[in-house]
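Data first, discussion second: the structure below is written as structure tokens.
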Amino acid sequence: MTPAPNSSKEKNSPALTSTPTREPRPEARETPDQDAQGWIGILRITSNRFVLTIAALLAFHFSSMGQTPSATSPATAKSAPVVPYRYQTKKLSNRAQQFYSLVWGIDSLTVKSVESGELIKFTYRVIDPNKARVLNDKQSEPFLIDPRAGVKLVVPSLEKVGQLRQSSTPESGKVYWMAFSNKGRLVRPGHFVDVSIGLFRANSLIVH
């Protein structure tokens, strides 16, 4: 007799009892949405550009605000061309120099603010003692007139010193001086003044 086929083996046979399982396709795996990522990237770039644009506009706005006063402010426009008095110079014309030397025997006339503006000092150099004698004459009282300030200054006389002027006999080549009291400091550097000593008069001398 032929043995009967083993039914248990047939039942347990893989070909009969189990069916192959299908593995998921790679395309079916869950992956991030590429379209969403693309939009996120675009938004980030756009937002960064927007922030940079706003920052640039603000910087330009504030810089233009800071530059505007210097270009349009009346105070700045008026103060820019002003030159300090100590840098202003005005020499006597050749005609004036010839006049003072030929008529009064002096040259190198200067007027300067000294002692913090409390005194105005007038100096001159003698080239002809005979003609310059009137400037050193004690009987001739000196005055300094400032039309701009509306004042007339005199040479003060101090105890134990006398008048603040040189009144010795003039000598050729020497420089002489006299100082005028500038109480209140009304006469300032940059003003044009006149010096009068007896018959002598020098006009429009600038104060340094």
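Ordered as shown in the structure tokens, chains take letters A, B, and onward, while each chain numbers its residues from 1 and ligands are numbered from 1 in the order shown.
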Which residues come within 10 Å of Gly184 (chain A), counting only C-alpha atoms, excluding same-chain residues fewer than 2 positions away, as number ranges by chain? A: 117-118, 181-182, 186-187
If we count only C-alpha atoms, what is near Arg165 (chain A) at a cut-off of 6 Å, once residues fewer than 2 positions away on the same chain are taken out, given as a VMD selection string? chain A and resid 163 177 to 178
Nearest to Gly162 (chain A) among A:Lys138, A:Pro147, A:Val114, A:Lys183, with distances taken over only C-alpha atoms: which residue is it? A:Lys138
Tell me which protein, DNA and RNA residues are within 9 Å of Asn130 (chain A), counting only C-alpha atoms, leaving out same-chain ones fewer than 2 positions away, and put them as a PyMOL selection string. chain A and resi 104-105+128+132-134+170-171
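The protein and nucleic acid residues lying at most 12 Å from Lys152 (chain A) are Ile120, Pro142, Phe143, Leu144, Ile145, Asp146, Pro147, Arg148, Ala149, Val155, Phe180, Ser181, Asn182, Lys183, Leu186, Val187, Val193, Asp194, Val195 and Ser196 of chain A, with only C-alpha atoms considered and sequence neighbours fewer than 3 positions away removed.
In this structure, CA of His208 (chain A) sits 28.0 Å away from CA of Gln139 (chain A).
Picture a line from CA of Leu109 (chain A) to CA of Arg125 (chain A); it runs 7.2 Å.
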Residue contacts of Leu135 (chain A) (8 Å, only C-alpha atoms) excluding same-chain residues fewer than 6 positions away, as a VMD selection string: chain A and resid 167 197 to 198 200
Can you write out the residues you just picked, keeping C-alpha atoms, as a PDB file, in the first residue's frame?
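That gives us result.pdb:
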```pdb
ATOM      1  CA  SER A 167      56.401 161.110  25.334  1.00  0.00           C
ATOM      2  CA  ILE A 197      46.790 163.381  18.511  1.00  0.00           C
ATOM      3  CA  GLY A 198      46.721 167.143  18.216  1.00  0.00           C
ATOM      4  CA  PHE A 200      47.626 164.349  13.638  1.00  0.00           C
TER       5      PHE A 200
END
```
Set the distance at 6 Å and use only C-alpha atoms: which residues neighbour Lys121 (chain A) once local chain neighbours fewer than 3 positions away are removed? I'd like the list as an mmCIF file with C-alpha atoms, in the first residue's frame.
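Result written to part15.cif:
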```cif
data_model
loop_
_atom_site.group_PDB
_atom_site.id
_atom_site.type_symbol
_atom_site.label_atom_id
_atom_site.label_comp_id
_atom_site.auth_asym_id
_atom_site.auth_seq_id
_atom_site.Cartn_x
_atom_site.Cartn_y
_atom_site.Cartn_z
ATOM 1 C CA VAL A 111 46.217 149.120 16.675
ATOM 2 C CA LYS A 112 45.921 146.059 18.894
ATOM 3 C CA MET A 178 50.329 154.613 23.739
ATOM 4 C CA ALA A 179 47.468 152.689 25.361
#
```
One-decimal distance in Å that lies between CA of Gly190 (chain A) and CA of Lys131 (chain A): 29.5 Å
Which residues come within 9 Å of Ser108 (chain A), counting only C-alpha atoms, excluding same-chain residues fewer than 3 positions away, as a PyMOL selection string? chain A and resi 92+97+123-126+175
Enumerate as an MDAnalysis selection string all residues of region 127-174 of chain A assigned to helix (DSSP H, G or I) by DSSP on the backbone, naming them with the chain letters and numbers the document uses. chainID A and resid 131:136
Residues of the last selection are to be written out with C-alpha atoms, as an mmCIF file, in the first residue's frame.
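File produced: part03.cif:
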```cif
data_model
loop_
_atom_site.group_PDB
_atom_site.id
_atom_site.type_symbol
_atom_site.label_atom_id
_atom_site.label_comp_id
_atom_site.auth_asym_id
_atom_site.auth_seq_id
_atom_site.Cartn_x
_atom_site.Cartn_y
_atom_site.Cartn_z
ATOM 1 C CA LYS A 131 57.767 165.542 11.727
ATOM 2 C CA ALA A 132 56.788 162.959 14.369
ATOM 3 C CA ARG A 133 57.392 165.316 17.292
ATOM 4 C CA VAL A 134 53.692 166.168 17.606
ATOM 5 C CA LEU A 135 52.791 162.530 18.363
ATOM 6 C CA ASN A 136 55.123 162.547 21.397
#
```
